[in-house]
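Novice: Below you'll find run_36.cif; it's mmCIF, C-alpha atoms.
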data_my_file
loop_
_atom_site.label_atom_id
_atom_site.label_comp_id
_atom_site.auth_asym_id
_atom_site.auth_seq_id
_atom_site.Cartn_x
_atom_site.Cartn_y
_atom_site.Cartn_z
CA MET A 1 0.00 0.00 0.00
CA ARG A 2 1.44 3.34 -1.07
CA VAL A 3 0.60 6.92 -1.94
CA ILE A 4 0.12 6.97 -5.71
CA SER A 5 0.52 10.61 -6.67
CA GLY A 6 1.14 14.14 -5.46
CA GLN A 7 3.33 15.56 -2.74
CA PHE A 8 3.75 12.25 -0.87
CA ARG A 9 4.00 10.04 -3.96
CA GLY A 10 5.68 6.70 -3.37
CA ARG A 11 5.43 6.78 0.43
CA LYS A 12 4.63 3.34 1.78
CA LEU A 13 1.78 3.17 4.25
CA ARG A 14 1.32 0.69 7.04
CA GLY A 15 -1.43 -1.85 6.64
CA PRO A 16 -3.63 -3.74 9.08
CA ARG A 17 -2.49 -6.79 11.01
CA GLY A 18 -5.74 -8.74 10.80
CA ALA A 19 -8.77 -9.01 8.59
CA GLU A 20 -10.86 -6.43 10.49
CA ILE A 21 -9.63 -3.58 8.26
CA ARG A 22 -9.77 -3.97 4.48
CA PRO A 23 -7.80 -1.21 2.74
CA THR A 24 -8.80 0.02 -0.71
CA GLY A 25 -6.39 -1.58 -3.18
CA ASP A 26 -3.99 0.60 -5.16
CA ARG A 27 -5.69 -0.14 -8.47
CA LEU A 28 -9.16 0.82 -7.23
CA LYS A 29 -7.72 3.86 -5.43
CA GLU A 30 -6.07 4.93 -8.69
CA SER A 31 -9.40 4.62 -10.52
CA LEU A 32 -11.12 6.68 -7.83
CA PHE A 33 -8.58 9.49 -8.04
CA ASN A 34 -8.48 9.44 -11.84
CA ILE A 35 -12.19 10.27 -11.68
CA LEU A 36 -11.88 12.80 -8.83
CA ASP A 37 -8.47 14.31 -9.69
CA PRO A 38 -9.56 17.37 -11.67
CA SER A 39 -11.69 18.47 -8.73
CA ILE A 40 -9.55 17.37 -5.73
CA GLN A 41 -7.37 20.50 -5.38
CA GLY A 42 -8.58 22.64 -2.46
CA THR A 43 -11.44 20.32 -1.52
CA VAL A 44 -12.73 19.14 1.83
CA LEU A 45 -13.00 15.35 2.01
CA VAL A 46 -14.48 13.07 4.65
CA ASP A 47 -12.95 9.57 4.70
CA VAL A 48 -15.56 7.44 6.49
CA PHE A 49 -14.56 3.95 7.71
CA ALA A 50 -11.06 5.28 7.05
CA GLY A 51 -9.14 2.16 8.16
CA THR A 52 -5.55 2.98 7.27
CA GLY A 53 -6.31 6.52 6.12
CA ALA A 54 -4.99 5.76 2.63
CA ILE A 55 -7.81 7.56 0.77
CA GLY A 56 -7.62 10.71 2.88
CA ILE A 57 -3.82 10.76 2.74
CA GLU A 58 -3.95 10.37 -1.05
CA ALA A 59 -6.36 13.32 -1.17
CA LEU A 60 -4.04 15.46 0.98
CA SER A 61 -1.11 14.44 -1.22
CA ARG A 62 -3.03 15.66 -4.28
CA GLY A 63 -3.92 19.02 -2.76
CA ALA A 64 -7.09 18.59 -0.71
CA ARG A 65 -7.45 21.46 1.75
CA GLN A 66 -8.82 19.36 4.62
CA VAL A 67 -9.60 15.72 5.39
CA VAL A 68 -11.73 14.38 8.21
CA PHE A 69 -10.96 10.73 8.98
CA VAL A 70 -13.73 8.74 10.68
CA ASP A 71 -13.07 5.31 12.15
CA SER A 72 -14.38 3.51 15.20
CA SER A 73 -11.68 0.86 15.58
CA ARG A 74 -8.69 1.37 17.82
CA GLU A 75 -6.40 -0.25 15.23
CA GLY A 76 -7.77 1.93 12.44
CA CYS A 77 -7.16 5.13 14.40
CA ARG A 78 -3.65 3.95 15.28
CA LEU A 79 -2.89 3.19 11.62
CA ILE A 80 -4.24 6.55 10.48
CA ARG A 81 -2.02 8.38 13.00
CA GLU A 82 1.05 6.30 12.04
CA ASN A 83 0.48 6.80 8.30
CA LEU A 84 0.02 10.56 8.71
CA GLU A 85 3.26 10.63 10.67
CA LEU A 86 5.08 8.52 8.04
CA CYS A 87 4.11 11.12 5.44
CA GLY A 88 5.01 14.04 7.71
CA ILE A 89 1.45 15.39 7.64
CA GLU A 90 0.91 17.63 10.65
CA SER A 91 -2.08 19.74 9.65
CA GLY A 92 -5.10 19.80 7.36
CA PHE A 93 -6.77 16.83 8.96
CA ARG A 94 -9.01 15.79 11.82
CA LEU A 95 -9.51 12.29 13.22
CA LEU A 96 -12.87 11.33 14.71
CA SER A 97 -12.65 8.08 16.66
CA SER A 98 -16.32 7.21 16.69
CA ASP A 99 -18.98 5.11 15.01
CA VAL A 100 -20.04 6.52 11.68
CA PHE A 101 -23.48 7.87 12.57
CA THR A 102 -22.26 9.57 15.77
CA ALA A 103 -19.37 11.19 13.87
CA LEU A 104 -21.57 12.36 11.01
CA ARG A 105 -24.15 13.81 13.43
CA LEU A 106 -21.33 15.68 15.21
CA LEU A 107 -20.19 17.17 11.89
CA VAL A 108 -23.78 18.17 11.08
CA ARG A 109 -24.16 19.92 14.47
CA GLU A 110 -20.95 21.83 13.71
CA GLY A 111 -22.38 23.01 10.37
CA PHE A 112 -19.65 21.10 8.51
CA SER A 113 -19.98 20.56 4.76
CA ALA A 114 -17.77 18.44 2.49
CA ASP A 115 -17.00 18.43 -1.21
CA ILE A 116 -16.32 14.68 -1.25
CA LEU A 117 -17.50 12.00 1.17
CA PHE A 118 -15.79 8.65 0.63
CA MET A 119 -17.24 5.66 2.46
CA ASP A 120 -15.69 2.23 2.57
CA PRO A 121 -17.89 0.28 5.00
CA PRO A 122 -17.36 -3.40 5.76
CA TYR A 123 -18.70 -5.41 2.83
CA GLN A 124 -21.41 -7.03 5.00
CA TRP A 125 -22.74 -3.49 5.77
CA ARG A 126 -26.43 -3.03 5.04
CA PRO A 127 -27.62 0.50 5.93
CA TYR A 128 -26.27 2.18 2.76
CA ARG A 129 -29.49 4.15 2.35
CA ASP A 130 -29.19 5.51 5.92
CA LEU A 131 -25.64 6.70 5.20
CA LEU A 132 -26.71 8.42 2.00
CA GLU A 133 -29.71 10.03 3.70
CA VAL A 134 -27.45 11.50 6.42
CA CYS A 135 -25.13 12.95 3.78
CA PHE A 136 -27.76 14.43 1.48
CA ARG A 137 -30.48 15.52 3.92
CA THR A 138 -28.39 17.17 6.64
CA GLY A 139 -26.11 19.56 4.77
CA LEU A 140 -22.98 17.39 4.97
CA ALA A 141 -23.12 17.28 1.18
CA HIS A 142 -23.82 20.47 -0.75
CA GLY A 143 -24.99 21.00 -4.34
CA ASN A 144 -21.67 20.06 -5.96
CA SER A 145 -20.62 17.35 -3.50
CA ARG A 146 -19.89 13.81 -4.50
CA VAL A 147 -20.53 10.87 -2.23
CA VAL A 148 -18.63 7.70 -3.13
CA ILE A 149 -19.28 4.28 -1.64
CA GLU A 150 -16.87 1.38 -2.10
CA HIS A 151 -18.81 -1.88 -1.98
CA ASP A 152 -18.92 -5.47 -3.10
CA ARG A 153 -20.51 -5.91 -6.54
CA LYS A 154 -23.29 -8.03 -5.00
CA ALA A 155 -24.20 -5.39 -2.39
CA GLU A 156 -27.62 -3.82 -2.69
CA VAL A 157 -26.67 -0.16 -2.79
CA PRO A 158 -29.50 2.26 -3.59
CA GLU A 159 -29.96 3.57 -7.10
CA ASP A 160 -31.47 6.79 -5.79
CA GLY A 161 -33.38 8.43 -2.96
CA ASP A 162 -35.53 11.51 -2.53
CA ASP A 163 -32.54 13.86 -2.74
CA TYR A 164 -29.81 11.89 -4.52
CA HIS A 165 -29.09 9.61 -7.46
CA ARG A 166 -26.31 7.26 -8.42
CA ALA A 167 -24.48 8.92 -11.28
CA ARG A 168 -21.88 6.25 -11.98
CA THR A 169 -20.58 2.87 -10.91
CA VAL A 170 -17.05 1.65 -11.58
CA ARG A 171 -16.40 -2.09 -11.26
CA GLN A 172 -13.07 -3.82 -10.75
CA GLY A 173 -13.42 -7.53 -10.09
CA HIS A 174 -15.73 -7.98 -7.11
CA LYS A 175 -15.23 -4.38 -5.90
CA CYS A 176 -17.23 -1.35 -7.01
CA LEU A 177 -17.26 2.39 -6.53
CA SER A 178 -20.69 4.03 -6.70
CA PHE A 179 -20.74 7.82 -7.19
CA TYR A 180 -23.74 9.80 -5.91
CA GLY A 181 -24.82 13.40 -6.29
CA PHE A 182 -27.87 15.54 -5.66
CA LYS A 183 -30.83 14.96 -7.94
CA SER A 184 -31.47 17.66 -10.45
CA PRO A 185 -35.00 19.06 -10.45
CA GLY A 186 -37.23 16.87 -12.56
CA ILE A 187 -35.23 13.65 -12.13
#
Since I need it in another form, could you write the structure as structure tokens?
Specialist:
Amino acid sequence: MRVISGQFRGRKLRGPRGAEIRPTGDRLKESLFNILDPSIQGTVLVDVFAGTGAIGIEALSRGARQVVFVDSSREGCRLIRENLELCGIESGFRLLSSDVFTALRLLVREGFSADILFMDPPYQWRPYRDLLEVCFRTGLAHGNSRVVIEHDRKAEVPEDGDDYHRARTVRQGHKCLSFYGFKSPGI
């Protein structure tokens, strides 16, 4: 696992010891950032179920203004801190050690808004719709925000909701990235 591009390109990141944390593979991460890259400079990104922090660190490496890492596991938070330190990143980030819904509600209460929300829940995760509703109904996502969910190709991720629609899905083997945005009027 490494940083693919930008200021910290080539830096090796520490990975998990067990199977509890499943980092996004380099190939899928490269696909994600090839899609996001033109719009990553100066953005605010939330890396939910951050695990090793690889997605958020890649975003910082490519010029994101701020990253909020959210992870509830002790090992995940330790890995995020270690990987930030390995890259020499001392600012531009925040780490919330909490379950996802508690962390997102905290951000909502603070009036926080993100340009990109990346979510990589465990593949057996089911409440995808709840996650999307929190992002699109509370102000976490704004009109130009993108919400991206990494999931297994067999997962039942929503096509759309009252406020959002799935704009694109990228498949690589059994892994997928689904990109969501606000619905345009009339959709």
Novice: Have a look at atom CA of Phe101 of chain A and atom CA of Leu45 of chain A and let me know their distance in Å, one decimal.
Specialist: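 Atom CA of Leu45 of chain A lies at a distance of 16.7 Å from atom CA of Phe101 of chain A.
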Novice: Excluding Gly51 of chain A and its own-chain neighbours fewer than 3 positions away, which residues fall within 9 Å of it when counting all atoms listed in the file? Please give them as a list in words.
Specialist: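 So the residues in contact are Gly15, Pro16, Ile21, Arg22, Pro23, Val48, Ala54, Phe69, Val70, Asp71, Ser72, Ser73, Glu75, Gly76, Cys77, Leu79, Ile80 and Asp120 of chain A.
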Novice: Check the smallest atom-to-atom distance from each of A:Gly63, A:Gly88, A:Pro121, A:Gly173 to Leu36 of chain A using all atoms listed in the file, then report the winner.
Specialist: A:Gly63
Novice: Neighbourhood query: residues within 9 Å of (-33.3, 10.2, -7.9), file coordinates, counting all atoms listed in the file; return as a ChimeraX atom specification.
Specialist: /A:159-166,182-184,187
Novice: Mind checking which residues fall within 8 Å of Leu117 of chain A, counting all atoms listed in the file, ignoring those fewer than 4 positions away in the same chain, and posting them as a PDB file with C-alpha atoms, in the frame of the given file?
Specialist:
ATOM      1  CA  LEU A  45     -13.000  15.350   2.010  1.00  0.00           C
ATOM      2  CA  VAL A  46     -14.480  13.070   4.650  1.00  0.00           C
ATOM      3  CA  ASP A  47     -12.950   9.570   4.700  1.00  0.00           C
ATOM      4  CA  VAL A  48     -15.560   7.440   6.490  1.00  0.00           C
ATOM      5  CA  ALA A 141     -23.120  17.280   1.180  1.00  0.00           C
ATOM      6  CA  SER A 145     -20.620  17.350  -3.500  1.00  0.00           C
ATOM      7  CA  ARG A 146     -19.890  13.810  -4.500  1.00  0.00           C
ATOM      8  CA  VAL A 147     -20.530  10.870  -2.230  1.00  0.00           C
ATOM      9  CA  VAL A 148     -18.630   7.700  -3.130  1.00  0.00           C
TER      10      VAL A 148
END
Novice: So, with all atoms listed in the file as the atoms that count, which of A:Pro122, A:Gly143, A:Gly181, A:Gly56 lies closest to Phe33 of chain A?
Specialist: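 Checking each of A:Pro122, A:Gly143, A:Gly181, A:Gly56 against Phe33 of chain A, counting all atoms listed in the file, the winner is A:Gly56.
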Novice: Of the candidates A:Pro38, A:Gly139, A:Gly53, A:Gly6, which shows the shortest atom-to-atom distance to Leu107 of chain A, using all atoms listed in the file?
Specialist: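 Between A:Pro38, A:Gly139, A:Gly53, A:Gly6, the residue approaching Leu107 of chain A most closely is A:Gly139.
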Novice: Might you pull out every residue within 9 Å of Leu140 of chain A, with only C-alpha atoms counted and same-chain residues fewer than 6 positions away left off, and present them as a ChimeraX atom specification?
Specialist: /A:104,107-108,111-115,117,134
Novice: Please list as a short mmCIF file (atom, residue, chain, number, x, y, z; two decimals) with C-alpha atoms, in the frame of the given file every residue within 10 Å of Gly42 of chain A, counting all atoms listed in the file and excluding residues in the same chain fewer than 3 positions away.
Specialist:
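Once written, out.cif looks like this:
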data_model
loop_
_atom_site.label_atom_id
_atom_site.label_comp_id
_atom_site.auth_asym_id
_atom_site.auth_seq_id
_atom_site.Cartn_x
_atom_site.Cartn_y
_atom_site.Cartn_z
CA SER A 39 -11.69 18.47 -8.73
CA LEU A 45 -13.00 15.35 2.01
CA ALA A 59 -6.36 13.32 -1.17
CA LEU A 60 -4.04 15.46 0.98
CA ARG A 62 -3.03 15.66 -4.28
CA GLY A 63 -3.92 19.02 -2.76
CA ALA A 64 -7.09 18.59 -0.71
CA ARG A 65 -7.45 21.46 1.75
CA GLN A 66 -8.82 19.36 4.62
CA ASP A 115 -17.00 18.43 -1.21
#
Novice: For Leu32 of chain A, which residue out of A:Val100, A:Val68, A:Ala50, A:Ile55 is the nearest one, using all atoms listed in the file?
Specialist: A:Ile55
Novice: For the file shown, report as a list in words the outcome of the PyMOL selection byres ((chain A and resi 13) around 6) at residue level.
Specialist: Met1, Arg2, Lys12, Arg14 and Asn83 of chain A
Novice: So the first atom is atom CA of Ser97 of chain A and the second is atom CA of Arg81 of chain A; what is the distance between them in Å, to one decimal place?
Specialist: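 Calculated distance between atom CA of Ser97 of chain A and atom CA of Arg81 of chain A is 11.2 Å.
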Novice: Report the distance between atom CA of Phe179 of chain A and atom CA of Leu84 of chain A in Å, rounded to one decimal place.
Specialist: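 Distance between the two atoms: 26.3 Å.
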Novice: Could you tell me which residues the PyMOL selection byres ((chain A and resi 169) around 10) grabs in this file, written as a PyMOL selection string?
Specialist: chain A and resi 148-150+153+166-168+170-171+176-180
